[in-house]
>>> print(open('data21.csv').read())   # CSV, C-alpha atoms
chain,number,residue,atom,x,y,z
A,1,MET,CA,17.1,-6.1,-4.0
A,2,TYR,CA,13.9,-6.9,-5.8
A,3,LYS,CA,12.1,-3.7,-6.8
A,4,PRO,CA,8.9,-4.2,-4.8
A,5,HIS,CA,11.0,-4.4,-1.6
A,6,VAL,CA,12.9,-1.3,-2.6
A,7,SER,CA,9.6,0.4,-3.1
A,8,GLN,CA,8.3,-0.8,0.2
A,9,SER,CA,11.5,0.3,2.0
A,10,TYR,CA,11.3,3.8,0.4
A,11,CYS,CA,7.7,4.1,1.7
A,12,PHE,CA,8.6,3.0,5.2
A,13,ASN,CA,11.5,5.4,5.3
A,14,ASN,CA,9.3,8.3,4.2
A,15,ASP,CA,6.4,7.7,6.6
A,16,ILE,CA,4.1,6.2,4.0
A,17,LEU,CA,2.2,3.2,5.4
A,18,ILE,CA,-0.1,1.1,3.3
A,19,TYR,CA,-2.2,-1.6,4.9
A,20,PRO,CA,-5.4,-3.6,4.7
A,21,VAL,CA,-8.5,-2.9,6.8
A,22,PRO,CA,-11.0,-5.7,7.0
A,23,VAL,CA,-14.6,-4.8,5.9
A,24,ASN,CA,-15.8,-8.4,6.6
A,25,LYS,CA,-14.2,-11.9,6.6
A,26,SER,CA,-13.4,-11.8,2.9
A,27,THR,CA,-13.3,-8.1,1.9
A,28,TYR,CA,-10.8,-5.4,2.6
A,29,LYS,CA,-10.3,-1.7,2.1
A,30,ILE,CA,-6.7,-0.3,1.8
A,31,GLU,CA,-5.6,2.6,3.9
A,32,ILE,CA,-2.7,4.9,3.2
A,33,ASN,CA,-1.2,6.7,6.2
A,34,TYR,CA,1.1,9.5,5.2
A,35,LYS,CA,2.6,11.2,8.2
A,36,GLY,CA,-0.7,10.8,10.1
A,37,GLN,CA,-3.1,11.7,7.3
A,38,VAL,CA,-5.1,8.6,6.6
A,39,LYS,CA,-7.1,7.9,3.4
A,40,ALA,CA,-9.0,4.8,2.6
A,41,SER,CA,-9.6,3.3,-0.8
A,42,SER,CA,-13.0,3.8,-2.3
A,43,GLY,CA,-13.1,0.2,-3.5
A,44,THR,CA,-12.9,-3.1,-1.7
A,45,TYR,CA,-10.6,-6.1,-2.5
A,46,ASN,CA,-10.5,-9.8,-1.8
A,47,LYS,CA,-7.4,-11.1,-0.2
A,48,VAL,CA,-5.4,-11.8,-3.4
A,49,LYS,CA,-6.3,-8.5,-5.1
A,50,MET,CA,-5.7,-6.6,-1.9
A,51,ASN,CA,-2.0,-7.9,-1.7
A,52,ASP,CA,-1.5,-7.1,-5.4
A,53,LYS,CA,-2.9,-3.6,-4.9
A,54,ILE,CA,-0.7,-2.8,-1.9
A,55,TRP,CA,2.4,-3.8,-3.8
A,56,GLU,CA,1.2,-1.7,-6.8
A,57,MET,CA,0.7,1.3,-4.4
A,58,TYR,CA,4.2,0.9,-3.0
A,59,GLU,CA,5.6,1.0,-6.5
A,60,TYR,CA,3.4,4.0,-7.4
A,61,PHE,CA,4.8,6.1,-4.5
A,62,TYR,CA,8.4,5.0,-5.3
A,63,ASP,CA,8.1,5.9,-8.9
A,64,LYS,CA,6.5,9.2,-8.0
A,65,ARG,CA,9.4,10.4,-5.9
>>> encode(input="data21.csv", output="structure tokens")
Amino acid sequence: MYKPHVSQSYCFNNDILIYPVPVNKSTYKIEINYKGQVKASSGTYNKVKMNDKIWEMYEYFYDKR
């Protein structure tokens, strides 16, 4: 398996959900839901950067385990 997908699977199995929340048509915030505790990113991202950041966050939590 490719590492990003291993990281994503680890997060899913440990109740860590990372997903985009639209601010407007072209801007997103990212929310992390860990066992019901939700935190939103302080910054905003366009569609491309948002996807990159979500994968980066999956790997962060995987590496932190």
>>> atom_distance(input="data21.csv", atom1="CA of Tyr19 (chain A)", atom2="CA of Tyr60 (chain A)")
14.6 Å
>>> atom_distance(input="data21.csv", atom1="CA of Asn13 (chain A)", atom2="CA of Thr27 (chain A)")
28.4 Å
>>> residues_around(input="data21.csv", residues="Ser42 (chain A)", least_positions_apart="6", cutoff="10 Å", atoms="only C-alpha atoms", output="NGL selection string")
:A and (29-31)
>>> atom_distance(input="data21.csv", atom1="CA of Gln8 (chain A)", atom2="CA of Lys53 (chain A)")
12.6 Å
>>> closest_residue(input="data21.csv", among="A:Asn33, A:Ile16, A:Lys25, A:Tyr45", to="Phe61 (chain A)", atoms="all atoms listed in the file")
A:Ile16
>>> closest_residue(input="data21.csv", among="A:Pro20, A:Arg65, A:Asp15, A:Ile32", to="Asp52 (chain A)", atoms="all atoms listed in the file")
A:Pro20
>>> closest_residue(input="data21.csv", among="A:Ala40, A:Lys64, A:Lys47, A:Glu59", to="Lys3 (chain A)", atoms="only C-alpha atoms")
A:Glu59
>>> residues_around(input="data21.csv", residues="Pro4 (chain A)", least_positions_apart="3", cutoff="10 Å", atoms="only C-alpha atoms", output="list in words")
Met1, Ser7, Gln8, Ser9, Tyr10, Trp55, Glu56, Met57, Tyr58, Glu59 and Tyr62 of chain A
>>> write_last_selection(input="data21.csv", atoms="C-alpha atoms", output="PDB file, keeping the file's coordinate frame")
ATOM      1  CA  MET A   1      17.100  -6.100  -4.000  1.00  0.00           C
ATOM      2  CA  SER A   7       9.600   0.400  -3.100  1.00  0.00           C
ATOM      3  CA  GLN A   8       8.300  -0.800   0.200  1.00  0.00           C
ATOM      4  CA  SER A   9      11.500   0.300   2.000  1.00  0.00           C
ATOM      5  CA  TYR A  10      11.300   3.800   0.400  1.00  0.00           C
ATOM      6  CA  TRP A  55       2.400  -3.800  -3.800  1.00  0.00           C
ATOM      7  CA  GLU A  56       1.200  -1.700  -6.800  1.00  0.00           C
ATOM      8  CA  MET A  57       0.700   1.300  -4.400  1.00  0.00           C
ATOM      9  CA  TYR A  58       4.200   0.900  -3.000  1.00  0.00           C
ATOM     10  CA  GLU A  59       5.600   1.000  -6.500  1.00  0.00           C
ATOM     11  CA  TYR A  62       8.400   5.000  -5.300  1.00  0.00           C
TER      12      TYR A  62
END
>>> residues_near_point(input="data21.csv", point="(3.8, 11.8, 6.4)", cutoff="7 Å", atoms="all atoms listed in the file", output="count of residues only")
7
>>> closest_residue(input="data21.csv", among="A:Val6, A:Leu17, A:Met50, A:Cys11", to="Val38 (chain A)", atoms="all atoms listed in the file")
A:Leu17
>>> decode(input="data21.csv", residues="region 9-52 of chain A", atoms="N, CA and C atoms", output="JSON list (two decimals), in the first residue's frame")
[["chain", "number", "residue", "atom", "x", "y", "z"],
["A", 9, "SER", "N", -5.95, 5.28, 6.38],
["A", 9, "SER", "CA", -6.58, 4.14, 7.02],
["A", 9, "SER", "C", -6.34, 4.16, 8.53],
["A", 10, "TYR", "N", -5.13, 4.47, 8.94],
["A", 10, "TYR", "CA", -4.82, 4.59, 10.37],
["A", 10, "TYR", "C", -5.74, 5.63, 11.03],
["A", 11, "CYS", "N", -5.89, 6.78, 10.39],
["A", 11, "CYS", "CA", -6.73, 7.83, 10.95],
["A", 11, "CYS", "C", -8.19, 7.38, 11.05],
["A", 12, "PHE", "N", -8.71, 6.76, 10.00],
["A", 12, "PHE", "CA", -10.09, 6.27, 10.03],
["A", 12, "PHE", "C", -10.28, 5.26, 11.16],
["A", 13, "ASN", "N", -9.33, 4.35, 11.32],
["A", 13, "ASN", "CA", -9.44, 3.32, 12.34],
["A", 13, "ASN", "C", -9.30, 3.86, 13.76],
["A", 14, "ASN", "N", -8.77, 5.08, 13.89],
["A", 14, "ASN", "CA", -8.58, 5.68, 15.21],
["A", 14, "ASN", "C", -9.46, 6.91, 15.42],
["A", 15, "ASP", "N", -10.58, 6.95, 14.70],
["A", 15, "ASP", "CA", -11.58, 8.01, 14.84],
["A", 15, "ASP", "C", -11.02, 9.41, 14.62],
["A", 16, "ILE", "N", -10.11, 9.54, 13.66],
["A", 16, "ILE", "CA", -9.59, 10.84, 13.26],
["A", 16, "ILE", "C", -10.11, 11.11, 11.85],
["A", 17, "LEU", "N", -11.00, 12.07, 11.74],
["A", 17, "LEU", "CA", -11.58, 12.42, 10.45],
["A", 17, "LEU", "C", -11.08, 13.81, 10.06],
["A", 18, "ILE", "N", -10.61, 13.94, 8.83],
["A", 18, "ILE", "CA", -10.09, 15.21, 8.32],
["A", 18, "ILE", "C", -10.83, 15.50, 7.03],
["A", 19, "TYR", "N", -11.47, 16.67, 6.96],
["A", 19, "TYR", "CA", -12.31, 16.95, 5.80],
["A", 19, "TYR", "C", -12.41, 18.45, 5.55],
["A", 20, "PRO", "N", -12.72, 18.83, 4.30],
["A", 20, "PRO", "CA", -12.85, 20.25, 3.96],
["A", 20, "PRO", "C", -14.24, 20.78, 4.31],
["A", 21, "VAL", "N", -14.27, 22.06, 4.63],
["A", 21, "VAL", "CA", -15.53, 22.77, 4.88],
["A", 21, "VAL", "C", -15.49, 24.02, 4.00],
["A", 22, "PRO", "N", -16.43, 24.16, 3.08],
["A", 22, "PRO", "CA", -16.41, 25.32, 2.19],
["A", 22, "PRO", "C", -16.64, 26.63, 2.95],
["A", 23, "VAL", "N", -15.83, 27.63, 2.61],
["A", 23, "VAL", "CA", -16.02, 28.98, 3.12],
["A", 23, "VAL", "C", -16.81, 29.77, 2.07],
["A", 24, "ASN", "N", -16.41, 29.59, 0.81],
["A", 24, "ASN", "CA", -17.14, 30.13, -0.34],
["A", 24, "ASN", "C", -16.87, 29.19, -1.52],
["A", 25, "LYS", "N", -17.15, 29.61, -2.74],
["A", 25, "LYS", "CA", -17.03, 28.69, -3.88],
["A", 25, "LYS", "C", -15.61, 28.23, -4.17],
["A", 26, "SER", "N", -14.60, 28.98, -3.73],
["A", 26, "SER", "CA", -13.23, 28.61, -4.08],
["A", 26, "SER", "C", -12.29, 28.48, -2.88],
["A", 27, "THR", "N", -12.82, 28.62, -1.68],
["A", 27, "THR", "CA", -11.99, 28.61, -0.48],
["A", 27, "THR", "C", -12.55, 27.63, 0.54],
["A", 28, "TYR", "N", -11.64, 26.94, 1.22],
["A", 28, "TYR", "CA", -12.03, 25.93, 2.21],
["A", 28, "TYR", "C", -11.23, 26.08, 3.50],
["A", 29, "LYS", "N", -11.85, 25.69, 4.59],
["A", 29, "LYS", "CA", -11.15, 25.46, 5.84],
["A", 29, "LYS", "C", -11.08, 23.94, 5.99],
["A", 30, "ILE", "N", -10.19, 23.47, 6.83],
["A", 30, "ILE", "CA", -10.09, 22.04, 7.07],
["A", 30, "ILE", "C", -10.47, 21.78, 8.52],
["A", 31, "GLU", "N", -11.32, 20.80, 8.73],
["A", 31, "GLU", "CA", -11.70, 20.42, 10.09],
["A", 31, "GLU", "C", -11.12, 19.05, 10.42],
["A", 32, "ILE", "N", -10.72, 18.92, 11.67],
["A", 32, "ILE", "CA", -10.26, 17.64, 12.20],
["A", 32, "ILE", "C", -11.23, 17.25, 13.30],
["A", 33, "ASN", "N", -11.84, 16.09, 13.14],
["A", 33, "ASN", "CA", -12.77, 15.57, 14.13],
["A", 33, "ASN", "C", -12.11, 14.36, 14.78],
["A", 34, "TYR", "N", -11.73, 14.52, 16.04],
["A", 34, "TYR", "CA", -11.11, 13.42, 16.77],
["A", 34, "TYR", "C", -12.05, 13.00, 17.89],
["A", 35, "LYS", "N", -12.72, 11.87, 17.66],
["A", 35, "LYS", "CA", -13.67, 11.32, 18.63],
["A", 35, "LYS", "C", -14.69, 12.35, 19.09],
["A", 36, "GLY", "N", -15.20, 13.14, 18.15],
["A", 36, "GLY", "CA", -16.25, 14.11, 18.44],
["A", 36, "GLY", "C", -15.75, 15.51, 18.77],
["A", 37, "GLN", "N", -14.47, 15.67, 19.00],
["A", 37, "GLN", "CA", -13.91, 17.01, 19.24],
["A", 37, "GLN", "C", -13.46, 17.57, 17.90],
["A", 38, "VAL", "N", -14.06, 18.69, 17.51],
["A", 38, "VAL", "CA", -13.82, 19.26, 16.19],
["A", 38, "VAL", "C", -12.99, 20.54, 16.32],
["A", 39, "LYS", "N", -11.95, 20.61, 15.50],
["A", 39, "LYS", "CA", -11.13, 21.82, 15.42],
["A", 39, "LYS", "C", -11.00, 22.20, 13.96],
["A", 40, "ALA", "N", -11.13, 23.49, 13.67],
["A", 40, "ALA", "CA", -11.01, 23.99, 12.31],
["A", 40, "ALA", "C", -9.65, 24.65, 12.12],
["A", 41, "SER", "N", -9.15, 24.59, 10.90],
["A", 41, "SER", "CA", -7.89, 25.25, 10.59],
["A", 41, "SER", "C", -8.04, 26.76, 10.72],
["A", 42, "SER", "N", -6.96, 27.41, 11.07],
["A", 42, "SER", "CA", -7.01, 28.87, 11.17],
["A", 42, "SER", "C", -6.93, 29.51, 9.79],
["A", 43, "GLY", "N", -6.25, 28.82, 8.86],
["A", 43, "GLY", "CA", -6.12, 29.35, 7.51],
["A", 43, "GLY", "C", -7.16, 28.79, 6.57],
["A", 44, "THR", "N", -7.17, 29.34, 5.37],
["A", 44, "THR", "CA", -8.06, 28.85, 4.32],
["A", 44, "THR", "C", -7.20, 28.38, 3.15],
["A", 45, "TYR", "N", -7.79, 27.52, 2.33],
["A", 45, "TYR", "CA", -7.05, 26.88, 1.24],
["A", 45, "TYR", "C", -7.89, 26.85, -0.02],
["A", 46, "ASN", "N", -7.22, 26.93, -1.18],
["A", 46, "ASN", "CA", -7.94, 26.69, -2.43],
["A", 46, "ASN", "C", -8.06, 25.17, -2.61],
["A", 47, "LYS", "N", -8.73, 24.74, -3.66],
["A", 47, "LYS", "CA", -9.03, 23.31, -3.80],
["A", 47, "LYS", "C", -7.77, 22.44, -3.87],
["A", 48, "VAL", "N", -6.76, 22.87, -4.60],
["A", 48, "VAL", "CA", -5.53, 22.08, -4.74],
["A", 48, "VAL", "C", -4.77, 22.04, -3.43],
["A", 49, "LYS", "N", -4.57, 23.18, -2.81],
["A", 49, "LYS", "CA", -3.82, 23.22, -1.55],
["A", 49, "LYS", "C", -4.57, 22.51, -0.43],
["A", 50, "MET", "N", -5.90, 22.55, -0.48],
["A", 50, "MET", "CA", -6.71, 21.88, 0.52],
["A", 50, "MET", "C", -6.47, 20.37, 0.47],
["A", 51, "ASN", "N", -6.46, 19.79, -0.71],
["A", 51, "ASN", "CA", -6.21, 18.34, -0.85],
["A", 51, "ASN", "C", -4.81, 17.98, -0.36],
["A", 52, "ASP", "N", -3.82, 18.78, -0.74],
["A", 52, "ASP", "CA", -2.45, 18.53, -0.29],
["A", 52, "ASP", "C", -2.36, 18.60, 1.24]]
